[in-house]
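K.L.:
Sharing a structure below in structure tokens format, with a few things to ask.
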Amino acid sequence: MDERTEPPVVLWAPDEQRTTRIGVFAEELATRTGRAFPTYADLWSYSTTEVGAFWAALADHFGVRWHHPAIGDLADARMPGARWFPGGTLNYAEHALADLPGRTDDTVVAIVAAEDGTAEPVTLAELRALVGAAENGLRRAGVGTGDRVVALVPNGLHALVGFLATAALGAVWSSCSPDFGPGSVIDRFRQIEPTVLLAVDGYRYGGRVFDVSATVAQLRAAVPGMTLVHIPVLGTPVPDGATDWDTFTAEAGAPVFVPVPFAAPLWVLYSSGTTGLPKPIVQSVGGILLEHLKVLALQSDLGPGSVFLWFTTTGWMMWNYLIGGLLVGATIVLFDGNPGHPDLGVLWRLAQQWRVTYFGTSAPWITACRKAGLTPGTDHDLGALQVVGSTGSPLDADGFGWLHDAVGEHLQIVSLSGGTDLCTAVVGGAPTVPVWAGEISCRALGAKVEAFSPTGDPLVGEVGELVITAPMPSMPVAFWGDDDGTRLRDAYFAEYPGVWRHGDWIRVTDRGSCVIEGRSDATLNRGGVRMGTAEFYRVVDAVPQVRDALVVDTSGAAEGELLLFVVLADGADPDAVTARLRRDIRADLSPRHVPSRVIPVPAIPRTLNGKKLEVPVKRILAGADVAGAVSRDALADPAGFDAFLAAARQAHGGAAPR
């Protein structure tokens, strides 16, 4: 079956009798506007044409707690430079810790879990008390509105409390996972001149202990003037000039919520930093609040009674997304550890133990579970589970099929795509839209996602550049230090002035579903036939002997080689795997896209956030200096990268890379 001309299999269909949060909102919006919204497409169309009115209705629907009411909704719709809710003031933490219907002081709002199976439930009253004490500690350290608080912490209680205390003060948060190398942490935090550093002395991962005291010392030397709050995970002594966590939080008190303007910065996220300094992406208090209320309550149907788990670290925007579950009344599960230790069942056991209703992870982890032959739906009681979300890279049809067959036929499978730049999903799912195997169900409300041709014409049913043609409130208000906005405009608006270019290839079907075809700067252009890497990986990943893969088209002014690097399963025959890959790619894609060479490597290079380094590898193979093409501190596995380069060098006869 050609999925480009015939709809793929429907794996899940919405229950029309079920009451959903998006359905309640649509009914309220119909009363408010005098218009009918019988389908998701109707609601999406309104949300992306009546942009200001949609977000104003959403703010009213969720009872946004304004300290000073806004004057209007969208005062300026230009991109960049949109001005939302002028004059309005509010506080993010106030919403995260608010009394909500179905949530009381005794409600468990967070579960702090580790890979060894231990877990600590935290009630709303306990979390408020911890946040109030940490806020008092930040005040004593001199933190005020707009000051930066940075954290080198794992995904646990200290991160949650530190962020909410920072947000309560109207200060600005930024975090890195403690597995980041010292150069990577310094490159990020030094740009924003922080006042306070919250840092662990180490962490546990994969059953091992890692000491990060040296990283903290280097960071303090590179960014002088910070107050260090020492979190002794490993029990090490307090460094000179630092304050230990217990002392820092010794002064009890209720949280005090400082109102700030809608556009005030909430946090700084960072681009991957594979080349040069990572871009410090500033997103606003009001913009993130509204976006996460929308995507988590309406698109994800999360609310009181929901248990929300997403596997992430504090160095990935999905951590910020997960914390947003508090805004809608969900219980969030913070897992710190290796999702493959002691085996790939650790997260499924966690989902069983805490009756997780929404389980979020990455497409590569789902592929790993599938190739390992796991059957979580049989091996665990996942009766509470309703939704499995996947992001990080496109989830192929085999991944959809495995989730449906091996985890649960009742599941809504939500493949998401968006990113750090927006801290949300711009395409994903909704409880009122079917799930088609291998496809993303819909474009998100308020996200006017389109596929553009090179001349800027909208496309349907064809692959084009993913663009957003109307403003969204979570779009960055700035890059830190980019006073005139030049870097921001160059990053997103240079290709199509006034239109956000996201950097992905996308195909939008006539049903409104989508397929992400890979990064647009990593396109495979063979004899004029262009193909996204995601389509290529769908074929490669179907070969069970291939554990991981990276494809690079070395073409420049003239057509070069198409190189496929593969990590093979133990005992796999390289010649047999190569023969099958060539056969399958020729049959399923095109003869032009049969690799020039299939090169076994010990590891595929990825960023700290799990992204494949397709573009840097292409630059290296074209002759660029390695140090100029990629920052080692941005790599998840620098040693694995060295091994990859050695294999690439051998494949090139020792001539490259340098």
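Each chain of the structure tokens is named A, B, ... in the order shown, its residues numbered from 1; ligands are numbered from 1 in display order.
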If you run DSSP over the backbone, which residues in stretch 478-547 of chain A end up helix (DSSP H, G or I)? Put them as an MDAnalysis selection string.
P.N.:
chainID A and resid 486:492 520:522 533:540
K.L.:
Identify, on the basis of only C-alpha atoms, every residue whose closest approach to stretch 438-443 of chain A does not exceed 9 Å; exclude the query and any residue fewer than 5 positions from it along the same chain; express the result as a short mmCIF file (atom, residue, chain, number, x, y, z; two decimals) with all heavy atoms, in the first residue's frame.
P.N.:
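Listing of out-v9.cif after writing:
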data_model
loop_
_atom_site.label_atom_id
_atom_site.label_comp_id
_atom_site.auth_asym_id
_atom_site.auth_seq_id
_atom_site.Cartn_x
_atom_site.Cartn_y
_atom_site.Cartn_z
N PRO A 8 -3.31 5.30 5.82
CA PRO A 8 -2.80 4.14 6.55
C PRO A 8 -3.85 3.61 7.52
O PRO A 8 -4.93 4.19 7.68
CB PRO A 8 -1.59 4.70 7.28
CG PRO A 8 -1.85 6.16 7.41
CD PRO A 8 -2.65 6.55 6.21
N VAL A 9 -3.50 2.52 8.18
CA VAL A 9 -4.42 1.87 9.11
C VAL A 9 -4.73 2.79 10.29
O VAL A 9 -3.85 3.45 10.83
CB VAL A 9 -3.78 0.56 9.62
CG1 VAL A 9 -4.64 -0.08 10.71
CG2 VAL A 9 -3.58 -0.41 8.46
N TYR A 40 -12.41 18.80 14.87
CA TYR A 40 -11.12 19.37 15.29
C TYR A 40 -10.61 20.34 14.24
O TYR A 40 -10.04 21.39 14.58
CB TYR A 40 -10.10 18.24 15.51
CG TYR A 40 -8.75 18.77 15.97
CD1 TYR A 40 -8.49 18.99 17.33
CD2 TYR A 40 -7.74 19.07 15.06
CE1 TYR A 40 -7.28 19.49 17.75
CE2 TYR A 40 -6.52 19.58 15.47
CZ TYR A 40 -6.29 19.79 16.82
OH TYR A 40 -5.09 20.30 17.23
N ALA A 41 -10.80 20.02 12.98
CA ALA A 41 -10.32 20.90 11.91
C ALA A 41 -10.96 22.28 12.01
O ALA A 41 -10.30 23.31 11.76
CB ALA A 41 -10.61 20.27 10.55
N TRP A 44 -9.24 24.04 14.89
CA TRP A 44 -7.87 24.43 14.51
C TRP A 44 -7.90 25.65 13.59
O TRP A 44 -7.11 26.58 13.76
CB TRP A 44 -7.16 23.27 13.82
CG TRP A 44 -5.76 23.62 13.40
CD1 TRP A 44 -4.63 23.58 14.18
CD2 TRP A 44 -5.34 24.09 12.13
NE1 TRP A 44 -3.54 23.99 13.47
CE2 TRP A 44 -3.94 24.32 12.20
CE3 TRP A 44 -5.99 24.35 10.92
CZ2 TRP A 44 -3.19 24.79 11.12
CZ3 TRP A 44 -5.25 24.83 9.84
CH2 TRP A 44 -3.87 25.04 9.95
N PRO A 394 11.16 11.12 14.48
CA PRO A 394 9.88 10.57 14.02
C PRO A 394 9.70 9.10 14.43
O PRO A 394 10.64 8.30 14.36
CB PRO A 394 9.98 10.71 12.49
CG PRO A 394 10.94 11.83 12.27
CD PRO A 394 11.95 11.71 13.37
N LEU A 395 8.49 8.77 14.86
CA LEU A 395 8.13 7.39 15.20
C LEU A 395 7.59 6.72 13.94
O LEU A 395 6.62 7.20 13.36
CB LEU A 395 7.08 7.38 16.31
CG LEU A 395 6.62 6.00 16.80
CD1 LEU A 395 7.76 5.25 17.47
CD2 LEU A 395 5.43 6.14 17.76
N ASP A 396 8.24 5.64 13.53
CA ASP A 396 7.83 5.01 12.27
C ASP A 396 6.64 4.07 12.48
O ASP A 396 6.20 3.82 13.62
CB ASP A 396 9.00 4.28 11.62
CG ASP A 396 9.57 3.15 12.48
OD1 ASP A 396 8.88 2.69 13.41
OD2 ASP A 396 10.72 2.74 12.22
N ALA A 397 6.12 3.56 11.38
CA ALA A 397 4.93 2.71 11.44
C ALA A 397 5.18 1.45 12.26
O ALA A 397 4.27 0.95 12.94
CB ALA A 397 4.47 2.35 10.03
N ASP A 398 6.40 0.92 12.23
CA ASP A 398 6.71 -0.26 13.04
C ASP A 398 6.62 0.07 14.53
O ASP A 398 6.18 -0.77 15.33
CB ASP A 398 8.11 -0.77 12.71
CG ASP A 398 8.17 -1.46 11.35
OD1 ASP A 398 7.12 -1.87 10.85
OD2 ASP A 398 9.28 -1.57 10.79
N GLY A 399 7.05 1.27 14.90
CA GLY A 399 6.94 1.69 16.29
C GLY A 399 5.48 1.81 16.72
O GLY A 399 5.11 1.37 17.82
N PHE A 400 4.65 2.40 15.86
CA PHE A 400 3.22 2.47 16.14
C PHE A 400 2.65 1.06 16.31
O PHE A 400 1.89 0.79 17.25
CB PHE A 400 2.49 3.17 14.99
CG PHE A 400 2.48 4.67 15.05
CD1 PHE A 400 3.55 5.41 14.59
CD2 PHE A 400 1.38 5.35 15.53
CE1 PHE A 400 3.54 6.79 14.61
CE2 PHE A 400 1.35 6.74 15.57
CZ PHE A 400 2.43 7.46 15.11
N GLY A 401 3.02 0.19 15.39
CA GLY A 401 2.48 -1.17 15.43
C GLY A 401 2.88 -1.92 16.68
O GLY A 401 2.07 -2.64 17.29
N VAL A 414 0.59 8.97 20.48
CA VAL A 414 0.76 10.37 20.09
C VAL A 414 2.21 10.63 19.76
O VAL A 414 3.07 10.67 20.64
CB VAL A 414 0.29 11.32 21.21
CG1 VAL A 414 0.51 12.78 20.79
CG2 VAL A 414 -1.19 11.09 21.52
N SER A 415 2.50 10.76 18.48
CA SER A 415 3.82 11.16 18.04
C SER A 415 3.83 12.69 17.97
O SER A 415 2.95 13.29 17.37
CB SER A 415 4.14 10.56 16.67
OG SER A 415 5.41 10.95 16.23
N LEU A 416 4.82 13.29 18.64
CA LEU A 416 4.89 14.75 18.75
C LEU A 416 6.12 15.28 18.03
O LEU A 416 7.14 14.61 17.95
CB LEU A 416 5.01 15.18 20.22
CG LEU A 416 4.00 14.67 21.24
CD1 LEU A 416 4.44 15.09 22.63
CD2 LEU A 416 2.64 15.22 20.94
N SER A 417 6.02 16.49 17.54
CA SER A 417 7.20 17.17 17.02
C SER A 417 7.06 18.66 17.28
O SER A 417 5.98 19.24 17.12
CB SER A 417 7.38 16.92 15.53
OG SER A 417 8.61 17.45 15.08
N ALA A 425 4.96 21.09 21.42
CA ALA A 425 4.72 20.36 20.18
C ALA A 425 3.83 21.20 19.28
O ALA A 425 2.78 21.67 19.71
CB ALA A 425 4.04 19.02 20.48
N VAL A 426 4.26 21.39 18.04
CA VAL A 426 3.43 22.12 17.08
C VAL A 426 2.58 21.17 16.26
O VAL A 426 1.58 21.57 15.64
CB VAL A 426 4.26 23.03 16.17
CG1 VAL A 426 4.95 24.10 17.00
CG2 VAL A 426 5.29 22.24 15.36
N VAL A 427 2.97 19.90 16.22
CA VAL A 427 2.14 18.85 15.64
C VAL A 427 2.14 17.69 16.63
O VAL A 427 3.13 17.42 17.30
CB VAL A 427 2.66 18.39 14.25
CG1 VAL A 427 2.51 19.50 13.23
CG2 VAL A 427 4.12 17.95 14.32
N GLY A 428 1.00 17.03 16.77
CA GLY A 428 0.90 15.97 17.76
C GLY A 428 -0.43 15.26 17.68
O GLY A 428 -0.85 14.82 16.61
N GLY A 429 -1.11 15.16 18.81
CA GLY A 429 -2.37 14.44 18.86
C GLY A 429 -3.44 15.25 19.56
O GLY A 429 -3.19 16.34 20.08
N ALA A 430 -4.63 14.69 19.57
CA ALA A 430 -5.77 15.26 20.30
C ALA A 430 -6.72 14.12 20.60
O ALA A 430 -6.83 13.16 19.82
CB ALA A 430 -6.46 16.35 19.49
N VAL A 433 -9.16 13.12 17.68
CA VAL A 433 -8.63 12.85 16.34
C VAL A 433 -8.08 11.43 16.30
O VAL A 433 -7.40 11.00 17.23
CB VAL A 433 -7.51 13.86 16.00
CG1 VAL A 433 -6.96 13.59 14.60
CG2 VAL A 433 -8.03 15.29 16.08
N LYS A 448 -0.13 27.46 13.41
CA LYS A 448 -0.47 27.49 11.98
C LYS A 448 0.69 26.91 11.18
O LYS A 448 1.44 27.61 10.51
CB LYS A 448 -0.82 28.89 11.51
CG LYS A 448 -1.57 28.89 10.18
CD LYS A 448 -2.13 30.25 9.83
CE LYS A 448 -2.99 30.17 8.57
NZ LYS A 448 -3.56 31.48 8.20
N VAL A 449 0.82 25.60 11.30
CA VAL A 449 1.88 24.86 10.63
C VAL A 449 1.49 24.62 9.19
O VAL A 449 0.38 24.16 8.90
CB VAL A 449 2.15 23.53 11.35
CG1 VAL A 449 3.08 22.64 10.55
CG2 VAL A 449 2.70 23.78 12.75
N VAL A 508 1.88 17.43 4.98
CA VAL A 508 0.56 17.57 5.57
C VAL A 508 -0.43 16.89 4.65
O VAL A 508 -0.52 17.23 3.46
CB VAL A 508 0.18 19.05 5.77
CG1 VAL A 508 -1.20 19.17 6.40
CG2 VAL A 508 1.22 19.77 6.62
N ARG A 511 -6.12 14.91 5.24
CA ARG A 511 -6.88 14.61 6.45
C ARG A 511 -6.43 15.49 7.62
O ARG A 511 -7.00 15.41 8.70
CB ARG A 511 -6.68 13.14 6.84
CG ARG A 511 -7.40 12.16 5.92
CD ARG A 511 -7.01 10.72 6.20
NE ARG A 511 -5.74 10.38 5.57
CZ ARG A 511 -4.62 10.13 6.22
NH1 ARG A 511 -4.60 10.17 7.54
NH2 ARG A 511 -3.52 9.83 5.57
N GLY A 512 -5.37 16.28 7.40
CA GLY A 512 -4.86 17.14 8.46
C GLY A 512 -3.77 16.50 9.29
O GLY A 512 -3.22 17.14 10.18
N SER A 513 -3.46 15.23 9.02
CA SER A 513 -2.36 14.58 9.71
C SER A 513 -1.04 15.01 9.07
O SER A 513 -1.02 15.66 8.03
CB SER A 513 -2.52 13.06 9.68
OG SER A 513 -2.54 12.60 8.33
N CYS A 514 0.08 14.61 9.70
CA CYS A 514 1.39 15.07 9.24
C CYS A 514 2.41 13.94 9.32
O CYS A 514 2.27 13.01 10.12
CB CYS A 514 1.91 16.22 10.11
SG CYS A 514 0.75 17.56 10.41
N VAL A 515 3.44 14.07 8.52
CA VAL A 515 4.61 13.20 8.61
C VAL A 515 5.85 14.09 8.57
O VAL A 515 6.00 14.89 7.65
CB VAL A 515 4.66 12.17 7.47
CG1 VAL A 515 5.92 11.32 7.57
CG2 VAL A 515 3.42 11.29 7.47
N ILE A 516 6.70 13.99 9.60
CA ILE A 516 7.96 14.70 9.60
C ILE A 516 8.98 13.86 8.84
O ILE A 516 9.19 12.69 9.16
CB ILE A 516 8.46 14.97 11.03
CG1 ILE A 516 7.45 15.84 11.80
CG2 ILE A 516 9.83 15.63 11.01
CD1 ILE A 516 7.31 17.25 11.28
#
K.L.:
If you count only C-alpha atoms, which residues fall within 12 Å of A:Gly87, apart from same-chain ones fewer than 5 positions away, as a list in words?
P.N.:
Trp66, His67, His68, Pro69, Ala70, Ile71, Gly72, Asp73, Leu74, Ala75, Pro259, Val260, Pro261, Phe262, Ala263, Ala264 and Gly286 of chain A
K.L.:
Could those residues be written to a file, using N, CA and C atoms, as a CSV table (one decimal), in the first residue's frame?
P.N.:
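The result, stored in again.csv:
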chain,number,residue,atom,x,y,z
A,66,TRP,N,-4.6,36.8,36.8
A,66,TRP,CA,-4.0,38.1,36.5
A,66,TRP,C,-3.9,38.9,37.8
A,67,HIS,N,-2.7,39.4,38.0
A,67,HIS,CA,-2.5,40.4,39.1
A,67,HIS,C,-3.0,41.8,38.6
A,68,HIS,N,-2.7,42.1,37.4
A,68,HIS,CA,-3.2,43.3,36.7
A,68,HIS,C,-3.7,42.8,35.4
A,69,PRO,N,-4.9,43.1,35.0
A,69,PRO,CA,-5.5,42.5,33.8
A,69,PRO,C,-4.9,43.1,32.6
A,70,ALA,N,-4.8,42.3,31.5
A,70,ALA,CA,-4.3,42.8,30.2
A,70,ALA,C,-5.2,43.7,29.5
A,71,ILE,N,-4.7,44.5,28.7
A,71,ILE,CA,-5.5,45.4,27.8
A,71,ILE,C,-5.5,44.8,26.4
A,72,GLY,N,-6.5,44.0,26.2
A,72,GLY,CA,-6.5,43.3,24.9
A,72,GLY,C,-5.7,42.0,24.9
A,73,ASP,N,-5.6,41.4,23.7
A,73,ASP,CA,-5.0,40.1,23.6
A,73,ASP,C,-3.7,40.2,22.8
A,74,LEU,N,-3.8,40.3,21.4
A,74,LEU,CA,-2.6,40.3,20.6
A,74,LEU,C,-2.5,41.7,20.0
A,75,ALA,N,-1.6,42.5,20.7
A,75,ALA,CA,-1.5,43.9,20.3
A,75,ALA,C,-0.7,44.1,19.0
A,259,PRO,N,4.2,39.3,40.9
A,259,PRO,CA,3.7,39.4,39.6
A,259,PRO,C,4.7,40.0,38.6
A,260,VAL,N,4.8,39.5,37.4
A,260,VAL,CA,5.7,40.1,36.4
A,260,VAL,C,4.9,40.2,35.1
A,261,PRO,N,5.4,41.1,34.1
A,261,PRO,CA,4.6,41.2,32.9
A,261,PRO,C,4.5,39.9,32.1
A,262,PHE,N,3.5,39.8,31.3
A,262,PHE,CA,3.3,38.6,30.4
A,262,PHE,C,4.6,38.2,29.7
A,263,ALA,N,5.3,39.2,29.1
A,263,ALA,CA,6.5,38.9,28.3
A,263,ALA,C,7.7,38.7,29.1
A,264,ALA,N,7.7,38.8,30.4
A,264,ALA,CA,8.9,38.7,31.2
A,264,ALA,C,9.5,37.3,31.0
A,286,GLY,N,4.1,34.4,30.5
A,286,GLY,CA,2.7,34.2,30.0
A,286,GLY,C,2.6,33.3,28.8
K.L.:
Once DSSP has gone over the backbone, tell me which residues of stretch 49-154 of chain A are in strand (DSSP E or B), as a ChimeraX atom specification.
P.N.:
/A:68,74-76,83-84,89-90,100,103,108-114,119-123,148-152
K.L.:
Residues near stretch 380-393 of chain A, anyone? I mean within 7 Å using only C-alpha atoms, not counting same-chain ones fewer than 6 positions away, as a ChimeraX atom specification.
P.N.:
/A:349,351-352,355-363,411-417
K.L.:
What are the closest atom pairs, with distances in Å to one decimal, for all residues of stretch 444-533 of chain A lying within 12 Å of stretch 170-191 of chain A? Consider only C-alpha atoms, order rows by chain and residue number, and present the result as a Markdown table.
P.N.:
| residue | atom | partner | partner_atom | distance |
| --- | --- | --- | --- | --- |
| A:Phe479 | CA | A:Gln191 | CA | 10.3 |
| A:Trp480 | CA | A:Gln191 | CA | 7.4 |
| A:Gly481 | CA | A:Gln191 | CA | 7.7 |
| A:Asp482 | CA | A:Gln191 | CA | 10.8 |
K.L.:
Report as a tab-separated table: every residue of stretch 164-275 of chain A with an atom at most 12 Å from stretch 341-347 of chain A, its closest pair of atoms, and their distance in Å to one decimal, counting only C-alpha atoms, with rows sorted by chain and ascending residue number.
P.N.:
residue	atom	partner	partner_atom	distance
A:Arg204	CA	A:His341	CA	11.2
A:Tyr205	CA	A:His341	CA	8.3
A:Gly206	CA	A:His341	CA	5.3
A:Gly207	CA	A:His341	CA	7.3
A:Arg208	CA	A:His341	CA	10.4
K.L.:
What would the file look like if the residues just selected were written as a compact mmCIF listing (two decimals), in the first residue's frame with N, CA and C atoms?
P.N.:
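Output saved as out-v5.txt:
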# COMPACT_ATOMS: atom_id res chain seq x y z
N ARG A 204 23.71 9.30 40.18
CA ARG A 204 23.77 7.85 39.94
C ARG A 204 23.07 7.54 38.62
N TYR A 205 23.72 6.72 37.82
CA TYR A 205 23.16 6.40 36.50
C TYR A 205 23.66 5.02 36.10
N GLY A 206 22.73 4.17 35.72
CA GLY A 206 23.10 2.83 35.28
C GLY A 206 23.79 2.01 36.35
N GLY A 207 23.42 2.27 37.62
CA GLY A 207 24.01 1.52 38.71
C GLY A 207 25.38 2.00 39.13
N ARG A 208 25.85 3.09 38.54
CA ARG A 208 27.16 3.64 38.86
C ARG A 208 27.02 5.03 39.47
K.L.:
Tell me which of A:Asp244, A:Glu27, A:Glu251, A:Glu462 sits closest to A:Gly132, counting only C-alpha atoms.
P.N.:
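Of A:Asp244, A:Glu27, A:Glu251, A:Glu462, the one nearest A:Gly132 is A:Glu251, counting only C-alpha atoms.
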K.L.:
Distance table requested - stretch 261-308 of chain A against stretch 99-121 of chain A, cut-off 10 Å, only C-alpha atoms: one row per qualifying residue with the closest atom pair and its distance in Å to one decimal, ordered by chain and rising residue number, as a Markdown table.
P.N.:
| residue | atom | partner | partner_atom | distance |
| --- | --- | --- | --- | --- |
| A:Gly303 | CA | A:Gly102 | CA | 8.9 |
| A:Pro304 | CA | A:Gly102 | CA | 5.7 |
| A:Gly305 | CA | A:Gly102 | CA | 7.7 |
| A:Ser306 | CA | A:Val109 | CA | 9.9 |
| A:Val307 | CA | A:Val109 | CA | 8.8 |
| A:Phe308 | CA | A:Ala110 | CA | 9.2 |
K.L.:
Tell me, in Å to one decimal, how far atom CA of A:Thr19 is from atom CA of A:Gly418.
P.N.:
27.0 Å
K.L.:
List as an NGL selection string the protein and nucleic acid residues near stretch 60-64 of chain A, meaning an atom at most 9 Å away when only C-alpha atoms are counted, but skip any in the same chain fewer than 6 places from it.
P.N.:
:A and (25 or 28-29 or 90 or 95 or 289-290 or 293 or 328)
K.L.:
The selected residues should be written to file as an mmCIF file, in the first residue's frame (atoms: N, CA, C and O atoms).
P.N.:
data_model
loop_
_atom_site.group_PDB
_atom_site.id
_atom_site.type_symbol
_atom_site.label_atom_id
_atom_site.label_comp_id
_atom_site.auth_asym_id
_atom_site.auth_seq_id
_atom_site.Cartn_x
_atom_site.Cartn_y
_atom_site.Cartn_z
ATOM 1 N N PHE A 25 -14.004 22.780 26.109
ATOM 2 C CA PHE A 25 -13.527 24.081 25.646
ATOM 3 C C PHE A 25 -14.215 24.479 24.342
ATOM 4 O O PHE A 25 -14.618 25.642 24.165
ATOM 5 N N GLU A 28 -17.665 25.740 25.053
ATOM 6 C CA GLU A 28 -17.606 27.067 25.662
ATOM 7 C C GLU A 28 -17.257 28.122 24.613
ATOM 8 O O GLU A 28 -17.817 29.226 24.604
ATOM 9 N N LEU A 29 -16.343 27.788 23.714
ATOM 10 C CA LEU A 29 -15.944 28.720 22.657
ATOM 11 C C LEU A 29 -17.097 28.973 21.696
ATOM 12 O O LEU A 29 -17.288 30.103 21.214
ATOM 13 N N LEU A 90 1.319 38.498 35.916
ATOM 14 C CA LEU A 90 0.939 37.183 36.441
ATOM 15 C C LEU A 90 2.186 36.479 36.951
ATOM 16 O O LEU A 90 3.284 37.020 36.896
ATOM 17 N N HIS A 95 0.257 29.479 39.403
ATOM 18 C CA HIS A 95 -0.636 28.553 38.704
ATOM 19 C C HIS A 95 -0.245 27.097 38.959
ATOM 20 O O HIS A 95 -1.105 26.224 39.100
ATOM 21 N N LEU A 289 3.005 29.702 29.963
ATOM 22 C CA LEU A 289 1.823 29.335 30.751
ATOM 23 C C LEU A 289 0.654 28.986 29.836
ATOM 24 O O LEU A 289 0.040 27.914 29.956
ATOM 25 N N LEU A 290 0.323 29.877 28.900
ATOM 26 C CA LEU A 290 -0.818 29.618 28.018
ATOM 27 C C LEU A 290 -0.569 28.424 27.108
ATOM 28 O O LEU A 290 -1.456 27.591 26.894
ATOM 29 N N LEU A 293 -0.810 25.181 29.172
ATOM 30 C CA LEU A 293 -2.211 24.908 29.503
ATOM 31 C C LEU A 293 -2.922 24.295 28.307
ATOM 32 O O LEU A 293 -3.669 23.319 28.430
ATOM 33 N N VAL A 328 -2.110 21.949 35.057
ATOM 34 C CA VAL A 328 -3.444 21.429 34.714
ATOM 35 C C VAL A 328 -3.963 20.450 35.764
ATOM 36 O O VAL A 328 -5.019 19.841 35.577
#
K.L.:
Using only C-alpha atoms, which of the listed residues (A:Pro232, A:Gly377, A:Gly225, A:Gly81) sits closest to A:Tyr203?
P.N.:
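Nearest candidate to A:Tyr203 out of A:Pro232, A:Gly377, A:Gly225, A:Gly81: A:Pro232.
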K.L.:
Give me, please, the distance in Å between atom CA of A:Trp402 and atom CA of A:Leu568, quoted to one decimal.
P.N.:
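Those two atoms sit 20.9 Å apart.
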